[in-house]
Amino acid sequence: MAAGRTDSVDHPLIEAGTIEDRPYQSDLVEAAGSAHTLVSLPTGLGKTAVSLRVTADRLADDSDTKAVLLAPTKPLVEQHAAFYRESLVIPDDQVVVFTGETRPENRAELFADARVIVATPQVVENDLLGNRIDLSNVVHLTFDECHRATGDYPYSYIAERYYEAARDPLVTGMSASPGDDEEAIRTVMANLGLQGVAVKTESDPDVAEYTHNTDIEWITVELPEEVLEIRDRLQGVLTDRLKTLADLGVTNSTDPQISQRDLHEIRAKLQRLIDRDDSTGYEGMSVHAEIMKVKRAVELVETQSVDALERYFDRQRNAARSSGASKASQRFVSDPEIRRAMTMAQNFEDLHPKFRRVRILLAETLGIKGGERVIIFTESRDTAEALTEFLSEGFEVERFVGQGDKEGSSGMTQTEQTSVLEAFRAGEFEVLVSTSVAEEGLDVPEVDLVCFFEPVPNAIRSIQRKGRTGRQTEGKVVVLMADDTRDEAYYWISKRREEEMAAELESLRDAAEDLEAEFAGQVELESFNGPSESGGDGPTAADKSGPSATTNGSGEDQAGIGDFDAEEKRGVTESDDDPAEEAAERQSGLVAEAGANDHVEIVVDQRELDASIARTLSTSGGVETRLETLEVGDYVLSDRVAVERKTIADFLSTLLDGDRALFDQVGDLTRHYGRPVLLIEGEGDLYSERNVHPNAIRGALASLAVDFGISVLFTRDESDTASLLETIATREQEEQDRAVSVHGESAAKTLREQQEYVVASIADIGPITARSLLDALGSVEAVLTADEETLQSVAGVGEVTAERIREVVGSDYNSQ
């Protein structure tokens, strides 16, 4: 072992002996400390150590500064926080964790007192939207797994707000695999305001010393005839549905192996027809939805297991029975060939051959070769559960899945995830069966074998998974591939994309100087010479203001990142106030009330965060957003104006379903605000979007305006909505000098409304059928105790609905 591998980093803010002084890491630290930098390093070689060392350098200059590290998952956040507490000479309580489990009302104080904040981006995004935290004295912001910084992922928004607020910003993006191609990598750099690239690969001599070879083996398995017959029946349905689309003129292909890209293109054509109000588009879109369901079924039977297919069929049957089920769902479960495939799947008692192959691999690795740990990756949670159960007969196995409930399966809590990983590190069990949640950055211990249950047609995910072996000793990766299935296509795609990514990284490194000039040139940055104003050796605040525009993942410019002319942008006039004092007040949660500064304030309901409106408002320069869980309305603009927002589709669905919820919401709005507004959003034609008679729409609008006295306004899209909200808020607060006041509670439901609510929730039958049942049978109790024959005697209740009601009411409860 080389002498350099035994030395540790000597730094006043780093505990002695905790971080090994590796030359390649020092090179990356130097690069990342001098500019906003994309740092790319193979998994397991210390990207987090690089970021920590840069953070230590920045925090050492000024005791009043902070650093923020963002990571995409809660387990990863906890892991990073533990590493920082262990390695930094900072009290443990000043390294704080922000996740969804940290109460919002506590986060402002925690942020104010901390030196290092480790958080999920969604939480920081919400706190910025709610004006709870101030980034002005954050001197280092790290985006872990930065390849996520595309589209609407919060990383891009947070970067924009950081460049606006920070007095001395420095950004580091970290990833073992920053993008599938050069354009994707450039998008990440633009969205995070990165100016330079620092790349180390396993081919570098100073890195090779710390790595070992990883042997990759591709194993092909043959599917049994019964499975192939199920697959062929499903593909026959695909061919039939594609012929329907061909007859509609949106495709020339009827090949059941049609690619996802081709299906996306077909969908785009259908959407254009819908935009022109062509009924062909609606018909084709329904068929397209059915095709996607069949494609998923084919994928499961080919690459996962018949058991996973059975579970998928069960979920589709339940969806088809529910109130408001789509025609695509109903056609899917009623198609004769699909039903035959369902029956064949139920009668299939064997296992997918991949299951046996996995057991053989475990026996070889853990038994014959004396290995200690194995990770098995699979795309499907159903398969993860089936594998865990199957392999438990002979091996010590635990599953590791995400927190959300999906595929009919409950997720794992953060505590459960942490406990499983700690037990795996401690050697309490041998085999971890994981979905994609263990791919990114988690400190999963060195393993003897990584097994891909299926190929991954994504270079980023493939590289992340392979990085779990071959760090300290020779490692092995096995990829299972079903013969003559889409597995083979994924195999070639994966190999090509990995080779392309490796070449792109080398190309980016070779072109690092040109890239730095290109990205720095976008903001007319001067070269980095001399110490920063804060006393460090990095760039000055002006040097690191970031680019003035970013891209949203589609190549469109978004103004805003790094606009240091913030006072002019926000319309702030000359002031004698101390900026540091103002920042301290904001961090303590003492946000000024509307009218006390030159911003208008808009209160946003927490449930509106799925839309981009709050983001757009918060970056407009003239608006401060505040998040609350509103009892009435979606946006509060003054003491008398509150807004309920509906898309055209939501508004029309209310009319189709006979749902009184909209009118209940409007009633609450008019009782508590003097100038209530209903905002209907969308570019479609209100009168032709759905199969609703124009007079029904006119009647609803008339009732809203005349009976409820509510103003009904229309906007094109979310951006237009944000602009209108800002205009109204500005008019109310600046021209009318009105304050923002949140008040009102939803009106309590009447007994009749509560009865309808209870019955409507049974098997998702909906409010119209619920009223019919209550009118006919007289009480909730009578509905719940009625037999199927009695239920079917009620208008609007057929055999399927009656069967579903009895199933829900009469079945034994299963807590599993």
# chains A, B, ... in the order shown; residues from 1 in each chain; ligands from 1
$ closest_atom_pairs --of "range 276-380 of chain A" --to "range 228-250 of chain A" --cutoff "8 Å" --atoms "only C-alpha atoms" --output "tab-separated table"
residue	atom	partner	partner_atom	distance
A:Thr280	CA	A:Leu248	CA	6.9
A:Gly284	CA	A:Leu245	CA	6.2
A:Val287	CA	A:Arg241	CA	6.6
A:His288	CA	A:Leu245	CA	7.9
A:Ile291	CA	A:Leu238	CA	6.1
A:Val294	CA	A:Leu234	CA	6.6
A:Lys295	CA	A:Leu238	CA	7.4
A:Ala297	CA	A:Leu234	CA	7.5
A:Val298	CA	A:Arg231	CA	5.8
A:Val301	CA	A:Arg231	CA	6.5
A:Glu302	CA	A:Arg231	CA	7.0
A:Glu337	CA	A:Arg233	CA	6.2
A:Ile338	CA	A:Leu234	CA	6.5
A:Ala341	CA	A:Ile230	CA	5.3
A:Met344	CA	A:Ile230	CA	6.8
A:Ala345	CA	A:Ile230	CA	7.3
$ write_last_selection --atoms "all heavy atoms" --output "JSON list (two decimals), in the first residue's frame"
[["chain", "number", "residue", "atom", "x", "y", "z"],
["A", 280, "THR", "N", -61.06, 11.92, -33.28],
["A", 280, "THR", "CA", -60.12, 10.82, -33.48],
["A", 280, "THR", "C", -59.07, 10.80, -32.39],
["A", 280, "THR", "O", -58.62, 9.73, -31.95],
["A", 280, "THR", "CB", -59.43, 10.97, -34.85],
["A", 280, "THR", "OG1", -60.42, 10.93, -35.88],
["A", 280, "THR", "CG2", -58.43, 9.85, -35.09],
["A", 284, "GLY", "N", -58.22, 7.60, -30.08],
["A", 284, "GLY", "CA", -56.87, 7.04, -30.12],
["A", 284, "GLY", "C", -56.17, 7.10, -28.78],
["A", 284, "GLY", "O", -55.42, 6.18, -28.42],
["A", 287, "VAL", "N", -57.20, 4.14, -26.71],
["A", 287, "VAL", "CA", -56.53, 2.93, -27.18],
["A", 287, "VAL", "C", -55.07, 2.94, -26.76],
["A", 287, "VAL", "O", -54.51, 1.91, -26.35],
["A", 287, "VAL", "CB", -56.66, 2.81, -28.72],
["A", 287, "VAL", "CG1", -55.85, 1.62, -29.23],
["A", 287, "VAL", "CG2", -58.11, 2.68, -29.12],
["A", 288, "HIS", "N", -54.44, 4.10, -26.86],
["A", 288, "HIS", "CA", -53.03, 4.23, -26.45],
["A", 288, "HIS", "C", -52.86, 3.87, -24.98],
["A", 288, "HIS", "O", -51.90, 3.17, -24.60],
["A", 288, "HIS", "CB", -52.55, 5.66, -26.71],
["A", 288, "HIS", "CG", -51.10, 5.88, -26.47],
["A", 288, "HIS", "ND1", -50.58, 6.10, -25.19],
["A", 288, "HIS", "CD2", -50.02, 5.91, -27.31],
["A", 288, "HIS", "CE1", -49.28, 6.27, -25.28],
["A", 288, "HIS", "NE2", -48.92, 6.15, -26.54],
["A", 291, "ILE", "N", -52.87, 0.20, -24.66],
["A", 291, "ILE", "CA", -51.60, -0.36, -25.15],
["A", 291, "ILE", "C", -50.53, -0.29, -24.06],
["A", 291, "ILE", "O", -49.77, -1.25, -23.84],
["A", 291, "ILE", "CB", -51.14, 0.38, -26.42],
["A", 291, "ILE", "CG1", -52.00, -0.03, -27.61],
["A", 291, "ILE", "CG2", -49.66, 0.11, -26.71],
["A", 291, "ILE", "CD1", -51.74, 0.77, -28.86],
["A", 294, "VAL", "N", -51.05, -3.07, -21.61],
["A", 294, "VAL", "CA", -50.65, -4.39, -22.14],
["A", 294, "VAL", "C", -49.13, -4.48, -22.21],
["A", 294, "VAL", "O", -48.55, -5.53, -21.90],
["A", 294, "VAL", "CB", -51.28, -4.63, -23.53],
["A", 294, "VAL", "CG1", -50.90, -6.01, -24.04],
["A", 294, "VAL", "CG2", -52.80, -4.51, -23.47],
["A", 295, "LYS", "N", -48.47, -3.39, -22.61],
["A", 295, "LYS", "CA", -47.01, -3.38, -22.67],
["A", 295, "LYS", "C", -46.41, -3.68, -21.30],
["A", 295, "LYS", "O", -45.43, -4.42, -21.18],
["A", 295, "LYS", "CB", -46.50, -2.02, -23.15],
["A", 295, "LYS", "CG", -46.66, -1.76, -24.63],
["A", 295, "LYS", "CD", -45.52, -2.38, -25.44],
["A", 295, "LYS", "CE", -44.24, -1.57, -25.28],
["A", 295, "LYS", "NZ", -43.16, -2.11, -26.15],
["A", 297, "ALA", "N", -47.82, -5.39, -18.91],
["A", 297, "ALA", "CA", -48.07, -6.81, -18.62],
["A", 297, "ALA", "C", -47.04, -7.70, -19.32],
["A", 297, "ALA", "O", -46.52, -8.66, -18.72],
["A", 297, "ALA", "CB", -49.48, -7.19, -19.04],
["A", 298, "VAL", "N", -46.74, -7.38, -20.58],
["A", 298, "VAL", "CA", -45.73, -8.16, -21.32],
["A", 298, "VAL", "C", -44.38, -8.05, -20.62],
["A", 298, "VAL", "O", -43.65, -9.05, -20.46],
["A", 298, "VAL", "CB", -45.63, -7.66, -22.77],
["A", 298, "VAL", "CG1", -44.45, -8.32, -23.48],
["A", 298, "VAL", "CG2", -46.92, -7.96, -23.53],
["A", 301, "VAL", "N", -44.28, -10.30, -17.44],
["A", 301, "VAL", "CA", -44.20, -11.76, -17.64],
["A", 301, "VAL", "C", -42.86, -12.15, -18.25],
["A", 301, "VAL", "O", -42.34, -13.24, -17.97],
["A", 301, "VAL", "CB", -45.38, -12.25, -18.50],
["A", 301, "VAL", "CG1", -45.21, -11.89, -19.96],
["A", 301, "VAL", "CG2", -45.56, -13.76, -18.34],
["A", 302, "GLU", "N", -42.27, -11.29, -19.07],
["A", 302, "GLU", "CA", -40.99, -11.62, -19.69],
["A", 302, "GLU", "C", -39.82, -11.48, -18.72],
["A", 302, "GLU", "O", -38.96, -12.36, -18.64],
["A", 302, "GLU", "CB", -40.73, -10.69, -20.88],
["A", 302, "GLU", "CG", -41.51, -11.03, -22.13],
["A", 302, "GLU", "CD", -41.05, -10.20, -23.31],
["A", 302, "GLU", "OE1", -40.49, -9.09, -23.10],
["A", 302, "GLU", "OE2", -41.24, -10.65, -24.45],
["A", 337, "GLU", "N", -58.68, -12.35, -24.91],
["A", 337, "GLU", "CA", -57.30, -12.82, -24.86],
["A", 337, "GLU", "C", -56.62, -12.45, -23.55],
["A", 337, "GLU", "O", -55.84, -13.21, -22.99],
["A", 337, "GLU", "CB", -56.51, -12.24, -26.05],
["A", 337, "GLU", "CG", -56.86, -12.87, -27.39],
["A", 337, "GLU", "CD", -56.58, -14.37, -27.39],
["A", 337, "GLU", "OE1", -55.39, -14.75, -27.31],
["A", 337, "GLU", "OE2", -57.54, -15.16, -27.46],
["A", 338, "ILE", "N", -56.92, -11.25, -23.04],
["A", 338, "ILE", "CA", -56.38, -10.85, -21.74],
["A", 338, "ILE", "C", -56.90, -11.78, -20.65],
["A", 338, "ILE", "O", -56.16, -12.22, -19.76],
["A", 338, "ILE", "CB", -56.73, -9.38, -21.42],
["A", 338, "ILE", "CG1", -56.08, -8.42, -22.43],
["A", 338, "ILE", "CG2", -56.32, -9.02, -20.00],
["A", 338, "ILE", "CD1", -54.61, -8.25, -22.28],
["A", 341, "ALA", "N", -55.13, -14.97, -20.73],
["A", 341, "ALA", "CA", -53.80, -14.80, -20.14],
["A", 341, "ALA", "C", -53.88, -14.76, -18.62],
["A", 341, "ALA", "O", -53.03, -15.33, -17.91],
["A", 341, "ALA", "CB", -53.15, -13.52, -20.68],
["A", 344, "MET", "N", -54.36, -18.33, -17.42],
["A", 344, "MET", "CA", -53.11, -19.08, -17.54],
["A", 344, "MET", "C", -52.12, -18.68, -16.44],
["A", 344, "MET", "O", -51.42, -19.53, -15.88],
["A", 344, "MET", "CB", -52.49, -18.84, -18.92],
["A", 344, "MET", "CG", -53.30, -19.43, -20.07],
["A", 344, "MET", "SD", -52.61, -19.00, -21.67],
["A", 344, "MET", "CE", -51.06, -19.90, -21.59],
["A", 345, "ALA", "N", -52.08, -17.39, -16.11],
["A", 345, "ALA", "CA", -51.18, -16.93, -15.05],
["A", 345, "ALA", "C", -51.59, -17.52, -13.71],
["A", 345, "ALA", "O", -50.74, -17.94, -12.91],
["A", 345, "ALA", "CB", -51.17, -15.41, -15.00]]
$ residues_around --residues "range 476-488 of chain A" --least-positions-apart "3" --cutoff "7 Å" --atoms "only C-alpha atoms" --output "PyMOL selection string"
chain A and resi 214-223+302-303+354+448-455+466+469+491-492
$ residues_around --residues "range 661-665 of chain A" --least-positions-apart "3" --cutoff "9 Å" --atoms "only C-alpha atoms" --output "PyMOL selection string"
chain A and resi 632-633+644+651+654+668-670+704+708+746-747
$ write_last_selection --atoms "N, CA, C and O atoms" --output "PDB file, in the first residue's frame"
ATOM      1  N   VAL A 632     -59.836  27.235   3.592  1.00  0.00           N
ATOM      2  CA  VAL A 632     -60.690  27.770   2.534  1.00  0.00           C
ATOM      3  C   VAL A 632     -59.814  28.369   1.447  1.00  0.00           C
ATOM      4  O   VAL A 632     -58.939  29.196   1.722  1.00  0.00           O
ATOM      5  N   GLY A 633     -60.015  27.947   0.180  1.00  0.00           N
ATOM      6  CA  GLY A 633     -59.286  28.512  -0.939  1.00  0.00           C
ATOM      7  C   GLY A 633     -57.917  27.898  -1.144  1.00  0.00           C
ATOM      8  O   GLY A 633     -57.405  27.129  -0.310  1.00  0.00           O
ATOM      9  N   GLU A 644     -59.925  30.116  -5.496  1.00  0.00           N
ATOM     10  CA  GLU A 644     -60.014  28.662  -5.685  1.00  0.00           C
ATOM     11  C   GLU A 644     -59.617  28.386  -7.125  1.00  0.00           C
ATOM     12  O   GLU A 644     -60.185  28.956  -8.056  1.00  0.00           O
ATOM     13  N   PHE A 651     -62.858  21.197 -13.483  1.00  0.00           N
ATOM     14  CA  PHE A 651     -64.159  21.875 -13.477  1.00  0.00           C
ATOM     15  C   PHE A 651     -65.212  21.030 -14.188  1.00  0.00           C
ATOM     16  O   PHE A 651     -66.328  20.829 -13.684  1.00  0.00           O
ATOM     17  N   THR A 654     -66.308  17.835 -12.361  1.00  0.00           N
ATOM     18  CA  THR A 654     -67.299  18.122 -11.322  1.00  0.00           C
ATOM     19  C   THR A 654     -68.717  18.059 -11.892  1.00  0.00           C
ATOM     20  O   THR A 654     -69.627  17.492 -11.289  1.00  0.00           O
ATOM     21  N   ASP A 668     -67.999  28.028   0.957  1.00  0.00           N
ATOM     22  CA  ASP A 668     -67.086  28.387   2.049  1.00  0.00           C
ATOM     23  C   ASP A 668     -66.327  29.671   1.713  1.00  0.00           C
ATOM     24  O   ASP A 668     -66.136  30.542   2.567  1.00  0.00           O
ATOM     25  N   LEU A 669     -65.914  29.784   0.450  1.00  0.00           N
ATOM     26  CA  LEU A 669     -65.138  30.947   0.022  1.00  0.00           C
ATOM     27  C   LEU A 669     -65.956  32.234   0.177  1.00  0.00           C
ATOM     28  O   LEU A 669     -65.459  33.251   0.686  1.00  0.00           O
ATOM     29  N   THR A 670     -67.223  32.175  -0.266  1.00  0.00           N
ATOM     30  CA  THR A 670     -68.058  33.389  -0.206  1.00  0.00           C
ATOM     31  C   THR A 670     -68.443  33.751   1.226  1.00  0.00           C
ATOM     32  O   THR A 670     -68.697  34.917   1.518  1.00  0.00           O
ATOM     33  N   LEU A 704     -72.590  30.108 -10.329  1.00  0.00           N
ATOM     34  CA  LEU A 704     -71.441  30.619  -9.591  1.00  0.00           C
ATOM     35  C   LEU A 704     -71.471  32.141  -9.499  1.00  0.00           C
ATOM     36  O   LEU A 704     -71.212  32.728  -8.440  1.00  0.00           O
ATOM     37  N   PHE A 708     -73.874  32.561  -6.141  1.00  0.00           N
ATOM     38  CA  PHE A 708     -72.804  32.647  -5.146  1.00  0.00           C
ATOM     39  C   PHE A 708     -72.080  33.993  -5.154  1.00  0.00           C
ATOM     40  O   PHE A 708     -71.335  34.294  -4.232  1.00  0.00           O
ATOM     41  N   SER A 746     -63.699  25.446   6.746  1.00  0.00           N
ATOM     42  CA  SER A 746     -64.711  24.764   5.937  1.00  0.00           C
ATOM     43  C   SER A 746     -65.968  24.557   6.769  1.00  0.00           C
ATOM     44  O   SER A 746     -65.897  24.222   7.957  1.00  0.00           O
ATOM     45  N   ALA A 747     -67.102  24.788   6.153  1.00  0.00           N
ATOM     46  CA  ALA A 747     -68.359  24.593   6.863  1.00  0.00           C
ATOM     47  C   ALA A 747     -68.541  23.120   7.224  1.00  0.00           C
ATOM     48  O   ALA A 747     -68.194  22.239   6.435  1.00  0.00           O
TER      49      ALA A 747
END
$ select_by_dssp --residues "range 595-774 of chain A" --states "strand (DSSP E or B)" --output "NGL selection string"
:A and (600-605 or 623-628 or 635-636 or 642-647 or 677-681 or 711-715)
$ select_by_dssp --residues "range 335-394 of chain A" --states "alpha helix (DSSP H)" --output "ChimeraX atom specification"
/A:336-347,353-362,381-391
$ atom_distance --atom1 "CA of Ile805 in chain A" --atom2 "CA of Asp307 in chain A"
26.8 Å
$ residues_around --residues "Leu273 in chain A" --least-positions-apart "2" --cutoff "12 Å" --atoms "only C-alpha atoms" --output "PyMOL selection string"
chain A and resi 248-250+266-271+275-285
$ write_last_selection --atoms "N, CA, C and O atoms" --output "short mmCIF file (atom, residue, chain, number, x, y, z; two decimals), in the first residue's frame"
data_model
loop_
_atom_site.label_atom_id
_atom_site.label_comp_id
_atom_site.auth_asym_id
_atom_site.auth_seq_id
_atom_site.Cartn_x
_atom_site.Cartn_y
_atom_site.Cartn_z
N LEU A 248 -56.32 4.82 -37.60
CA LEU A 248 -56.57 6.23 -37.29
C LEU A 248 -55.51 7.14 -37.91
O LEU A 248 -55.63 8.37 -37.82
N GLY A 249 -54.48 6.53 -38.50
CA GLY A 249 -53.48 7.31 -39.21
C GLY A 249 -52.38 7.90 -38.36
O GLY A 249 -51.69 8.84 -38.79
N VAL A 250 -52.15 7.37 -37.13
CA VAL A 250 -51.12 7.95 -36.27
C VAL A 250 -49.88 7.06 -36.15
O VAL A 250 -48.93 7.42 -35.46
N ILE A 266 -46.49 8.68 -30.91
CA ILE A 266 -47.91 8.47 -31.23
C ILE A 266 -48.79 9.29 -30.29
O ILE A 266 -49.75 9.94 -30.73
N ARG A 267 -48.44 9.29 -29.03
CA ARG A 267 -49.23 10.05 -28.06
C ARG A 267 -49.21 11.55 -28.40
O ARG A 267 -50.22 12.24 -28.27
N ALA A 268 -48.04 12.04 -28.82
CA ALA A 268 -47.94 13.46 -29.18
C ALA A 268 -48.85 13.77 -30.38
O ALA A 268 -49.50 14.83 -30.42
N LYS A 269 -48.89 12.87 -31.36
CA LYS A 269 -49.78 13.07 -32.51
C LYS A 269 -51.24 13.11 -32.06
O LYS A 269 -52.03 13.94 -32.54
N LEU A 270 -51.60 12.19 -31.17
CA LEU A 270 -52.98 12.15 -30.68
C LEU A 270 -53.33 13.43 -29.91
O LEU A 270 -54.43 13.96 -30.04
N GLN A 271 -52.38 13.93 -29.14
CA GLN A 271 -52.63 15.15 -28.39
C GLN A 271 -52.86 16.33 -29.32
O GLN A 271 -53.72 17.19 -29.06
N ASP A 275 -56.07 18.72 -29.45
CA ASP A 275 -55.96 20.18 -29.40
C ASP A 275 -56.77 20.84 -30.51
O ASP A 275 -57.22 21.99 -30.37
N ARG A 276 -56.93 20.11 -31.63
CA ARG A 276 -57.73 20.64 -32.75
C ARG A 276 -59.20 20.21 -32.62
O ARG A 276 -59.98 20.38 -33.55
N ASP A 277 -59.54 19.62 -31.48
CA ASP A 277 -60.91 19.17 -31.21
C ASP A 277 -61.36 18.10 -32.20
O ASP A 277 -62.53 18.04 -32.58
N ASP A 278 -60.41 17.24 -32.60
CA ASP A 278 -60.71 16.12 -33.50
C ASP A 278 -61.03 14.90 -32.64
O ASP A 278 -60.21 14.45 -31.83
N SER A 279 -62.22 14.34 -32.81
CA SER A 279 -62.66 13.21 -31.98
C SER A 279 -61.75 12.00 -32.14
O SER A 279 -61.68 11.14 -31.25
N THR A 280 -61.06 11.92 -33.28
CA THR A 280 -60.12 10.82 -33.48
C THR A 280 -59.07 10.80 -32.39
O THR A 280 -58.62 9.73 -31.95
N GLY A 281 -58.66 11.98 -31.95
CA GLY A 281 -57.64 12.06 -30.91
C GLY A 281 -58.10 11.43 -29.62
O GLY A 281 -57.33 10.70 -28.96
N TYR A 282 -59.34 11.68 -29.20
CA TYR A 282 -59.86 11.10 -27.97
C TYR A 282 -59.95 9.58 -28.07
O TYR A 282 -59.59 8.85 -27.14
N GLU A 283 -60.45 9.09 -29.21
CA GLU A 283 -60.55 7.64 -29.41
C GLU A 283 -59.17 7.00 -29.36
O GLU A 283 -58.96 5.98 -28.69
N GLY A 284 -58.22 7.60 -30.08
CA GLY A 284 -56.87 7.04 -30.12
C GLY A 284 -56.17 7.10 -28.78
O GLY A 284 -55.42 6.18 -28.42
N MET A 285 -56.41 8.15 -28.01
CA MET A 285 -55.75 8.27 -26.71
C MET A 285 -56.20 7.16 -25.76
O MET A 285 -55.42 6.63 -24.97
#
$ residues_around --residues "Asn126 in chain A" --least-positions-apart "4" --cutoff "8 Å" --atoms "only C-alpha atoms" --output "VMD selection string"
chain A and resid 122 130 627
$ atom_distance --atom1 "CA of Val197 in chain A" --atom2 "CA of Glu446 in chain A"
28.0 Å
